file work.cif (mmCIF, C-alpha atoms and all ligand atoms)
data_model
#
loop_
_atom_site.group_PDB
_atom_site.id
_atom_site.type_symbol
_atom_site.label_atom_id
_atom_site.label_comp_id
_atom_site.auth_asym_id
_atom_site.auth_seq_id
_atom_site.Cartn_x
_atom_site.Cartn_y
_atom_site.Cartn_z
ATOM 1 C CA MET A 1 21.038 -3.816 2.411
ATOM 2 C CA ALA A 2 20.749 -1.548 -0.638
ATOM 3 C CA GLU A 3 21.048 2.259 -0.338
ATOM 4 C CA ALA A 4 17.810 4.089 0.319
ATOM 5 C CA LEU A 5 17.052 7.329 -1.471
ATOM 6 C CA GLU A 6 15.154 10.177 0.179
ATOM 7 C CA PHE A 7 12.262 11.575 -1.821
ATOM 8 C CA GLN A 8 10.173 14.418 -0.353
ATOM 9 C CA GLY A 9 11.085 13.030 3.093
ATOM 10 C CA THR A 10 9.955 9.500 2.235
ATOM 11 C CA ARG A 11 12.588 6.763 2.067
ATOM 12 C CA VAL A 12 12.590 4.649 -1.093
ATOM 13 C CA TRP A 13 14.479 1.330 -1.140
ATOM 14 C CA LYS A 14 14.944 0.550 -4.831
ATOM 15 C CA GLY A 15 14.889 -3.155 -5.673
ATOM 16 C CA LEU A 16 14.885 -4.310 -2.048
ATOM 17 C CA LEU A 17 13.057 -7.526 -2.975
ATOM 18 C CA SER A 18 14.696 -9.970 -5.362
ATOM 19 C CA ARG A 19 12.646 -11.613 -8.095
ATOM 20 C CA PRO A 20 12.356 -14.878 -6.072
ATOM 21 C CA ASP A 21 11.256 -12.836 -3.004
ATOM 22 C CA GLN A 22 8.600 -11.153 -5.155
ATOM 23 C CA GLU A 23 7.362 -14.475 -6.535
ATOM 24 C CA ALA A 24 7.095 -15.945 -3.035
ATOM 25 C CA MET A 25 5.115 -12.909 -1.920
ATOM 26 C CA VAL A 26 2.722 -13.180 -4.885
ATOM 27 C CA SER A 27 2.112 -16.810 -3.968
ATOM 28 C CA ASP A 28 1.289 -15.759 -0.375
ATOM 29 C CA LEU A 29 -1.096 -13.132 -1.793
ATOM 30 C CA ARG A 30 -2.886 -15.780 -3.868
ATOM 31 C CA SER A 31 -3.616 -17.697 -0.633
ATOM 32 C CA ILE A 32 -4.929 -14.501 0.950
ATOM 33 C CA ALA A 33 -7.212 -13.802 -2.043
ATOM 34 C CA GLU A 34 -8.862 -17.219 -1.610
ATOM 35 C CA VAL A 35 -10.274 -16.167 1.771
ATOM 36 C CA ALA A 36 -10.285 -12.376 1.290
ATOM 37 C CA PRO A 37 -11.148 -11.634 -2.363
ATOM 38 C CA PHE A 38 -10.205 -8.326 -3.971
ATOM 39 C CA ARG A 39 -13.277 -6.110 -3.870
ATOM 40 C CA SER A 40 -14.121 -2.744 -5.358
ATOM 41 C CA TYR A 41 -15.354 -0.086 -2.970
ATOM 42 C CA GLN A 42 -17.396 3.055 -3.180
ATOM 43 C CA THR A 43 -16.170 6.336 -1.772
ATOM 44 C CA PRO A 44 -18.341 8.392 0.589
ATOM 45 C CA GLY A 45 -19.039 10.612 -2.448
ATOM 46 C CA GLY A 46 -20.578 7.648 -4.275
ATOM 47 C CA ASN A 47 -17.833 7.116 -6.846
ATOM 48 C CA HIS A 48 -16.214 3.745 -7.487
ATOM 49 C CA MET A 49 -12.519 3.377 -6.656
ATOM 50 C CA SER A 50 -10.583 2.058 -9.672
ATOM 51 C CA VAL A 51 -8.245 0.169 -7.316
ATOM 52 C CA ARG A 52 -9.557 -3.156 -5.949
ATOM 53 C CA MET A 53 -8.640 -4.082 -2.367
ATOM 54 C CA SER A 54 -8.043 -7.050 -0.113
ATOM 55 C CA GLY A 55 -6.389 -7.162 3.278
ATOM 56 C CA ALA A 56 -4.853 -9.097 6.122
ATOM 57 C CA GLY A 57 -4.241 -8.652 9.820
ATOM 58 C CA ARG A 58 -6.419 -7.574 12.721
ATOM 59 C CA ALA A 59 -8.161 -4.898 10.683
ATOM 60 C CA ALA A 60 -8.121 -3.636 7.116
ATOM 61 C CA TRP A 61 -9.186 -0.353 5.641
ATOM 62 C CA MET A 62 -12.467 -0.211 3.769
ATOM 63 C CA SER A 63 -14.602 2.463 2.219
ATOM 64 C CA ASP A 64 -18.337 2.815 1.687
ATOM 65 C CA ARG A 65 -21.043 5.473 1.523
ATOM 66 C CA SER A 66 -20.773 5.990 5.299
ATOM 67 C CA GLY A 67 -17.041 6.746 5.214
ATOM 68 C CA TYR A 68 -13.523 5.377 5.407
ATOM 69 C CA ALA A 69 -12.559 3.172 8.357
ATOM 70 C CA TYR A 70 -10.624 0.147 9.570
ATOM 71 C CA HIS A 71 -12.792 -2.948 9.950
ATOM 72 C CA SER A 72 -11.942 -6.221 11.710
ATOM 73 C CA LYS A 73 -14.412 -8.128 9.506
ATOM 74 C CA GLN A 74 -14.786 -8.403 5.752
ATOM 75 C CA PRO A 75 -18.106 -7.336 4.160
ATOM 76 C CA ASP A 76 -19.114 -11.055 4.178
ATOM 77 C CA GLY A 77 -18.509 -11.288 7.957
ATOM 78 C CA ARG A 78 -15.263 -13.260 7.849
ATOM 79 C CA SER A 79 -12.120 -12.116 9.676
ATOM 80 C CA TRP A 80 -9.083 -11.114 7.624
ATOM 81 C CA PRO A 81 -6.338 -13.736 7.169
ATOM 82 C CA ASP A 82 -3.054 -13.345 9.044
ATOM 83 C CA ILE A 83 -0.296 -11.159 7.618
ATOM 84 C CA PRO A 84 2.174 -13.571 5.959
ATOM 85 C CA GLU A 85 5.660 -13.907 7.447
ATOM 86 C CA SER A 86 7.241 -12.841 4.134
ATOM 87 C CA ILE A 87 5.475 -9.478 4.401
ATOM 88 C CA GLN A 88 6.072 -8.930 8.156
ATOM 89 C CA ALA A 89 9.783 -9.529 7.552
ATOM 90 C CA VAL A 90 9.974 -6.533 5.184
ATOM 91 C CA TRP A 91 8.405 -4.267 7.836
ATOM 92 C CA HIS A 92 11.070 -5.232 10.392
ATOM 93 C CA GLN A 93 13.839 -4.911 7.805
ATOM 94 C CA VAL A 94 13.040 -1.234 7.102
ATOM 95 C CA THR A 95 11.728 0.013 10.481
ATOM 96 C CA GLN A 96 13.614 0.057 13.783
ATOM 97 C CA ASP A 97 12.213 -0.870 17.203
ATOM 98 C CA THR A 98 8.670 -0.899 15.898
ATOM 99 C CA PRO A 99 5.938 -3.290 17.075
ATOM 100 C CA ASN A 100 4.368 -5.690 14.563
ATOM 101 C CA PRO A 101 1.978 -4.147 12.030
ATOM 102 C CA ASP A 102 -1.678 -5.011 12.709
ATOM 103 C CA SER A 103 -3.027 -4.031 9.301
ATOM 104 C CA CYS A 104 -2.062 -4.992 5.771
ATOM 105 C CA LEU A 105 -3.928 -3.379 2.885
ATOM 106 C CA ILE A 106 -3.499 -4.963 -0.533
ATOM 107 C CA ASN A 107 -4.304 -2.732 -3.508
ATOM 108 C CA TYR A 108 -4.659 -4.096 -7.043
ATOM 109 C CA TYR A 109 -4.265 -1.701 -9.963
ATOM 110 C CA GLY A 110 -5.603 -3.054 -13.261
ATOM 111 C CA GLU A 111 -5.300 -1.216 -16.574
ATOM 112 C CA GLY A 112 -6.186 2.467 -16.093
ATOM 113 C CA ALA A 113 -6.434 2.318 -12.280
ATOM 114 C CA LYS A 114 -5.076 5.209 -10.238
ATOM 115 C CA MET A 115 -5.330 6.711 -6.757
ATOM 116 C CA GLY A 116 -5.962 10.414 -6.183
ATOM 117 C CA LEU A 117 -3.861 12.577 -3.895
ATOM 118 C CA HIS A 118 -4.788 11.916 -0.242
ATOM 119 C CA GLN A 119 -3.416 11.681 3.305
ATOM 120 C CA ASP A 120 -3.434 8.503 5.418
ATOM 121 C CA ARG A 121 -4.917 9.696 8.695
ATOM 122 C CA ASP A 122 -7.361 7.015 9.811
ATOM 123 C CA GLU A 123 -4.783 5.337 12.065
ATOM 124 C CA LYS A 124 -5.105 5.983 15.837
ATOM 125 C CA ASP A 125 -1.472 6.975 16.215
ATOM 126 C CA THR A 126 0.200 8.505 13.170
ATOM 127 C CA GLN A 127 3.642 8.455 14.803
ATOM 128 C CA TRP A 128 4.088 4.884 13.502
ATOM 129 C CA PRO A 129 5.546 4.443 10.041
ATOM 130 C CA VAL A 130 3.730 3.176 6.953
ATOM 131 C CA VAL A 131 5.595 0.690 4.750
ATOM 132 C CA SER A 132 4.646 0.133 1.098
ATOM 133 C CA ILE A 133 5.760 -2.766 -1.128
ATOM 134 C CA SER A 134 5.335 -2.521 -4.921
ATOM 135 C CA LEU A 135 4.834 -5.653 -7.052
ATOM 136 C CA GLY A 136 4.185 -5.918 -10.782
ATOM 137 C CA ASP A 137 3.777 -3.019 -13.197
ATOM 138 C CA ASP A 138 5.583 0.318 -12.845
ATOM 139 C CA ALA A 139 3.628 3.110 -11.141
ATOM 140 C CA GLN A 140 4.052 6.869 -11.205
ATOM 141 C CA PHE A 141 3.914 7.781 -7.527
ATOM 142 C CA ARG A 142 3.394 11.405 -6.384
ATOM 143 C CA VAL A 143 4.259 12.917 -2.979
ATOM 144 C CA GLY A 144 3.766 16.454 -1.674
ATOM 145 C CA GLY A 145 3.702 18.038 1.760
ATOM 146 C CA SER A 146 1.270 17.980 4.650
ATOM 147 C CA SER A 147 -0.962 20.575 2.957
ATOM 148 C CA ARG A 148 -2.809 19.776 -0.284
ATOM 149 C CA LYS A 149 -1.447 23.033 -1.719
ATOM 150 C CA ASP A 150 2.216 22.075 -1.191
ATOM 151 C CA PRO A 151 4.249 21.351 -4.327
ATOM 152 C CA THR A 152 4.507 17.686 -5.328
ATOM 153 C CA ARG A 153 7.125 15.563 -7.054
ATOM 154 C CA SER A 154 6.711 12.246 -8.798
ATOM 155 C CA THR A 155 8.877 9.173 -9.168
ATOM 156 C CA TRP A 156 8.399 5.727 -10.712
ATOM 157 C CA LEU A 157 7.999 2.769 -8.358
ATOM 158 C CA ARG A 158 8.989 -0.612 -9.770
ATOM 159 C CA SER A 159 8.403 -4.191 -8.695
ATOM 160 C CA GLY A 160 10.419 -4.939 -5.562
ATOM 161 C CA ASP A 161 10.711 -1.301 -4.420
ATOM 162 C CA VAL A 162 9.806 -0.545 -0.791
ATOM 163 C CA VAL A 163 8.762 2.900 0.498
ATOM 164 C CA VAL A 164 8.853 3.929 4.180
ATOM 165 C CA MET A 165 6.979 6.962 5.472
ATOM 166 C CA THR A 166 8.066 8.198 8.899
ATOM 167 C CA GLY A 167 8.281 11.480 10.748
ATOM 168 C CA ALA A 168 7.336 14.560 8.754
ATOM 169 C CA SER A 169 6.492 12.562 5.613
ATOM 170 C CA ARG A 170 3.947 10.412 7.428
ATOM 171 C CA LEU A 171 1.144 12.919 6.806
ATOM 172 C CA ALA A 172 2.267 13.913 3.329
ATOM 173 C CA PHE A 173 -0.286 13.980 0.506
ATOM 174 C CA HIS A 174 0.424 11.160 -1.940
ATOM 175 C CA GLY A 175 -1.163 9.229 -4.780
ATOM 176 C CA VAL A 176 -0.616 7.119 -7.890
ATOM 177 C CA ASP A 177 -1.069 9.038 -11.177
ATOM 178 C CA ARG A 178 -0.937 6.007 -13.467
ATOM 179 C CA ILE A 179 0.556 2.614 -14.020
ATOM 180 C CA LYS A 180 2.384 1.362 -17.102
ATOM 181 C CA PHE A 181 0.135 -1.635 -17.753
ATOM 182 C CA GLY A 182 2.059 -4.724 -18.875
ATOM 183 C CA SER A 183 5.499 -3.308 -18.016
ATOM 184 C CA SER A 184 6.368 -6.131 -15.578
ATOM 185 C CA PRO A 185 6.247 -9.886 -16.210
ATOM 186 C CA LEU A 186 5.613 -10.665 -12.501
ATOM 187 C CA LEU A 187 1.810 -10.909 -12.597
ATOM 188 C CA ALA A 188 0.544 -13.218 -15.365
ATOM 189 C CA ARG A 189 -2.458 -11.000 -16.167
ATOM 190 C CA GLY A 190 -0.566 -7.742 -15.706
ATOM 191 C CA GLY A 191 -1.310 -4.913 -13.304
ATOM 192 C CA ARG A 192 0.215 -3.739 -10.071
ATOM 193 C CA ILE A 193 -0.141 -4.794 -6.452
ATOM 194 C CA ASN A 194 0.765 -2.446 -3.630
ATOM 195 C CA ILE A 195 0.938 -3.761 -0.082
ATOM 196 C CA THR A 196 0.790 -1.225 2.751
ATOM 197 C CA LEU A 197 1.646 -2.211 6.315
ATOM 198 C CA ARG A 198 0.468 -0.127 9.229
ATOM 199 C CA ILE A 199 -0.190 -0.027 12.935
ATOM 200 C CA ALA A 200 -3.829 1.051 12.724
ATOM 201 C CA GLY A 201 -4.292 0.710 16.502
HETATM 202 C C1 LIG B 1 3.468 8.713 1.592
HETATM 203 N N1 LIG B 1 -1.359 3.462 -1.580
HETATM 204 O O1 LIG B 1 -3.146 2.584 0.254
HETATM 205 S S1 LIG B 1 1.670 3.400 -1.178
HETATM 206 C C2 LIG B 1 -2.808 3.776 0.316
HETATM 207 O O2 LIG B 1 0.700 2.666 -4.252
HETATM 208 C C3 LIG B 1 -1.869 4.309 -0.705
HETATM 209 O O3 LIG B 1 -1.203 1.868 -3.605
HETATM 210 C C4 LIG B 1 -0.518 3.889 -2.666
HETATM 211 O O4 LIG B 1 -1.607 5.472 -0.718
HETATM 212 C C5 LIG B 1 -0.310 2.720 -3.569
HETATM 213 O O5 LIG B 1 -3.183 4.557 1.185
HETATM 214 C C6 LIG B 1 0.754 4.477 -2.209
HETATM 215 C C7 LIG B 1 2.891 4.466 -0.571
HETATM 216 C C8 LIG B 1 2.481 5.387 0.511
HETATM 217 C C9 LIG B 1 1.615 5.023 1.517
HETATM 218 C C10 LIG B 1 1.361 5.886 2.556
HETATM 219 C C11 LIG B 1 1.981 7.134 2.595
HETATM 220 C C12 LIG B 1 3.075 6.605 0.538
HETATM 221 C C13 LIG B 1 2.845 7.491 1.564
HETATM 222 C C14 LIG B 1 1.779 8.034 3.666
HETATM 223 C C15 LIG B 1 2.443 9.234 3.671
HETATM 224 C C16 LIG B 1 3.267 9.598 2.632
HETATM 225 FE FE FE B 2 -2.289 6.393 1.098
#

call {"tool": "encode", "arguments": {"input": "work.cif", "output": "structure tokens", "more": "lines below"}}
Ligand code: MD3
Ligand code: FE
result
Amino acid sequence: MAEALEFQGTRVWKGLLSRPDQEAMVSDLRSIAEVAPFRSYQTPGGNHMSVRMSGAGRAAWMSDRSGYAYHSKQPDGRSWPDIPESIQAVWHQVTQDTPNPDSCLINYYGEGAKMGLHQDRDEKDTQWPVVSISLGDDAQFRVGGSSRKDPTRSTWLRSGDVVVMTGASRLAFHGVDRIKFGSSPLLARGGRINITLRIAG
């Protein structure tokens, strides 16, 4: 396995997925999108998120005027599709002695999309890691500390990179400042997909 680099306590595996691995994953994501379309959500504050989201697994994270939460049903009442084997395999490759993830959030960043600095704290037990897989266009990813006021650093995530958040970094503030639209040939219409795997509980 490739060397991992430590970045603000998060572990970044550069180029963990080969181009054929990435293509196979995109094809699995197309099947997911047929039964769980990418949707745009409102925040509790009433703004629209620029990132569109789909999901898989027992429950996926959604947002609306009443708040952020994990839901076992889509807004149309259907369950989420199963997490594909290709994606589960990455989780087990980069985590040790960890049960299967029960939640897979799939974020799509089109031109101009970004994600503000936030913490992931809606999971029942935040001792479990979060694993992120980047596909498609390059993204400027920012990580700080467990307080919003802590200094932050940024790095570029490229298609095939995998990030693991464990221990102290698990509650770090993080976000995506911008993507370089059209920088990767992986997705025919451009943009970036980020897959996050979690044990939401
Ligand atoms: C660092 N997604 O869905 S993934 C999210 O690229 C989210 O779409 C971003 O933040 C994206 O919640 C970043 C990488 C990530 C995920 C969780 C973290 C980094 C993290 C939790 C703690 C610290
Ligand atoms: Fe997050």

call {"tool": "residues_near_ligand", "arguments": {"input": "work.cif", "ligand": "ligand FE 2 (chain B)", "cutoff": "7 Å", "atoms": "all atoms listed in the file", "output": "list in words"}}
result
His118, Gln119, Asp120, His174 and Gly175 of chain A

call {"tool": "atom_distance", "arguments": {"input": "work.cif", "atom1": "CA of Ala59 (chain A)", "atom2": "CA of Leu117 (chain A)"}}
result
23.2 Å

call {"tool": "resolve_selection", "arguments": {"input": "work.cif", "expression": "the PyMOL selection byres (((not hetatm)) within 9 of (chain B and resi 1))", "output": "mmCIF file with C-alpha atoms, in the frame of the given file"}}
result
data_model
loop_
_atom_site.group_PDB
_atom_site.id
_atom_site.type_symbol
_atom_site.label_atom_id
_atom_site.label_comp_id
_atom_site.auth_asym_id
_atom_site.auth_seq_id
_atom_site.Cartn_x
_atom_site.Cartn_y
_atom_site.Cartn_z
ATOM 1 C CA GLN A 8 10.173 14.418 -0.353
ATOM 2 C CA GLY A 9 11.085 13.030 3.093
ATOM 3 C CA THR A 10 9.955 9.500 2.235
ATOM 4 C CA VAL A 51 -8.245 0.169 -7.316
ATOM 5 C CA TRP A 61 -9.186 -0.353 5.641
ATOM 6 C CA LEU A 105 -3.928 -3.379 2.885
ATOM 7 C CA ILE A 106 -3.499 -4.963 -0.533
ATOM 8 C CA ASN A 107 -4.304 -2.732 -3.508
ATOM 9 C CA TYR A 108 -4.659 -4.096 -7.043
ATOM 10 C CA TYR A 109 -4.265 -1.701 -9.963
ATOM 11 C CA LYS A 114 -5.076 5.209 -10.238
ATOM 12 C CA MET A 115 -5.330 6.711 -6.757
ATOM 13 C CA GLY A 116 -5.962 10.414 -6.183
ATOM 14 C CA LEU A 117 -3.861 12.577 -3.895
ATOM 15 C CA HIS A 118 -4.788 11.916 -0.242
ATOM 16 C CA GLN A 119 -3.416 11.681 3.305
ATOM 17 C CA ASP A 120 -3.434 8.503 5.418
ATOM 18 C CA ARG A 121 -4.917 9.696 8.695
ATOM 19 C CA PRO A 129 5.546 4.443 10.041
ATOM 20 C CA VAL A 130 3.730 3.176 6.953
ATOM 21 C CA VAL A 131 5.595 0.690 4.750
ATOM 22 C CA SER A 132 4.646 0.133 1.098
ATOM 23 C CA ILE A 133 5.760 -2.766 -1.128
ATOM 24 C CA SER A 134 5.335 -2.521 -4.921
ATOM 25 C CA ALA A 139 3.628 3.110 -11.141
ATOM 26 C CA GLN A 140 4.052 6.869 -11.205
ATOM 27 C CA PHE A 141 3.914 7.781 -7.527
ATOM 28 C CA ARG A 142 3.394 11.405 -6.384
ATOM 29 C CA VAL A 143 4.259 12.917 -2.979
ATOM 30 C CA GLY A 144 3.766 16.454 -1.674
ATOM 31 C CA GLY A 145 3.702 18.038 1.760
ATOM 32 C CA SER A 146 1.270 17.980 4.650
ATOM 33 C CA LEU A 157 7.999 2.769 -8.358
ATOM 34 C CA VAL A 162 9.806 -0.545 -0.791
ATOM 35 C CA VAL A 163 8.762 2.900 0.498
ATOM 36 C CA VAL A 164 8.853 3.929 4.180
ATOM 37 C CA MET A 165 6.979 6.962 5.472
ATOM 38 C CA THR A 166 8.066 8.198 8.899
ATOM 39 C CA ALA A 168 7.336 14.560 8.754
ATOM 40 C CA SER A 169 6.492 12.562 5.613
ATOM 41 C CA ARG A 170 3.947 10.412 7.428
ATOM 42 C CA LEU A 171 1.144 12.919 6.806
ATOM 43 C CA ALA A 172 2.267 13.913 3.329
ATOM 44 C CA PHE A 173 -0.286 13.980 0.506
ATOM 45 C CA HIS A 174 0.424 11.160 -1.940
ATOM 46 C CA GLY A 175 -1.163 9.229 -4.780
ATOM 47 C CA VAL A 176 -0.616 7.119 -7.890
ATOM 48 C CA ARG A 192 0.215 -3.739 -10.071
ATOM 49 C CA ILE A 193 -0.141 -4.794 -6.452
ATOM 50 C CA ASN A 194 0.765 -2.446 -3.630
ATOM 51 C CA ILE A 195 0.938 -3.761 -0.082
ATOM 52 C CA THR A 196 0.790 -1.225 2.751
ATOM 53 C CA LEU A 197 1.646 -2.211 6.315
#

call {"tool": "resolve_selection", "arguments": {"input": "work.cif", "expression": "the PyMOL selection byres (((chain A and resi 160) around 8) and not hetatm)", "output": "PDB file with C-alpha atoms, in the coordinates of the input"}}
result
ATOM      1  CA  LYS A  14      14.944   0.550  -4.831  1.00  0.00           C
ATOM      2  CA  GLY A  15      14.889  -3.155  -5.673  1.00  0.00           C
ATOM      3  CA  LEU A  16      14.885  -4.310  -2.048  1.00  0.00           C
ATOM      4  CA  LEU A  17      13.057  -7.526  -2.975  1.00  0.00           C
ATOM      5  CA  SER A  18      14.696  -9.970  -5.362  1.00  0.00           C
ATOM      6  CA  ARG A  19      12.646 -11.613  -8.095  1.00  0.00           C
ATOM      7  CA  GLN A  22       8.600 -11.153  -5.155  1.00  0.00           C
ATOM      8  CA  ILE A 133       5.760  -2.766  -1.128  1.00  0.00           C
ATOM      9  CA  SER A 134       5.335  -2.521  -4.921  1.00  0.00           C
ATOM     10  CA  LEU A 135       4.834  -5.653  -7.052  1.00  0.00           C
ATOM     11  CA  ARG A 158       8.989  -0.612  -9.770  1.00  0.00           C
ATOM     12  CA  SER A 159       8.403  -4.191  -8.695  1.00  0.00           C
ATOM     13  CA  ASP A 161      10.711  -1.301  -4.420  1.00  0.00           C
ATOM     14  CA  VAL A 162       9.806  -0.545  -0.791  1.00  0.00           C
TER      15      VAL A 162
END

call {"tool": "closest_residue", "arguments": {"input": "work.cif", "among": "A:Asp102, A:Asp138, A:Asp28, A:Glu111", "to": "Tyr70 (chain A)", "atoms": "all atoms listed in the file"}}
result
A:Asp102

call {"tool": "resolve_selection", "arguments": {"input": "work.cif", "expression": "the PyMOL selection byres (((chain A and resi 199) around 10) and not hetatm)", "output": "ChimeraX atom specification"}}
result
/A:58-59,98-104,123-130,197-198,200-201

call {"tool": "atom_distance", "arguments": {"input": "work.cif", "atom1": "CA of Ile32 (chain A)", "atom2": "CA of Pro81 (chain A)"}}
result
6.4 Å

call {"tool": "atom_distance", "arguments": {"input": "work.cif", "atom1": "CA of Val26 (chain A)", "atom2": "CA of Thr95 (chain A)"}}
result
22.2 Å

call {"tool": "closest_residue", "arguments": {"input": "work.cif", "among": "A:Leu29, A:Ile179, A:Leu186, A:Leu5", "to": "Gly110 (chain A)", "atoms": "all atoms listed in the file"}}
result
A:Ile179

call {"tool": "residues_around", "arguments": {"input": "work.cif", "residues": "Tyr41 (chain A)", "least_positions_apart": "4", "cutoff": "12 Å", "atoms": "all atoms listed in the file", "output": "PyMOL selection string"}}
result
chain A and resi 45-54+61-68+75+107

call {"tool": "closest_residue", "arguments": {"input": "work.cif", "among": "A:Trp80, A:Trp91, A:Glu3, A:Asp137", "to": "Ser183 (chain A)", "atoms": "all atoms listed in the file"}}
result
A:Asp137

call {"tool": "closest_residue", "arguments": {"input": "work.cif", "among": "A:Pro20, A:Arg78, A:Ala69, A:Asp97", "to": "Val35 (chain A)", "atoms": "only C-alpha atoms"}}
result
A:Arg78
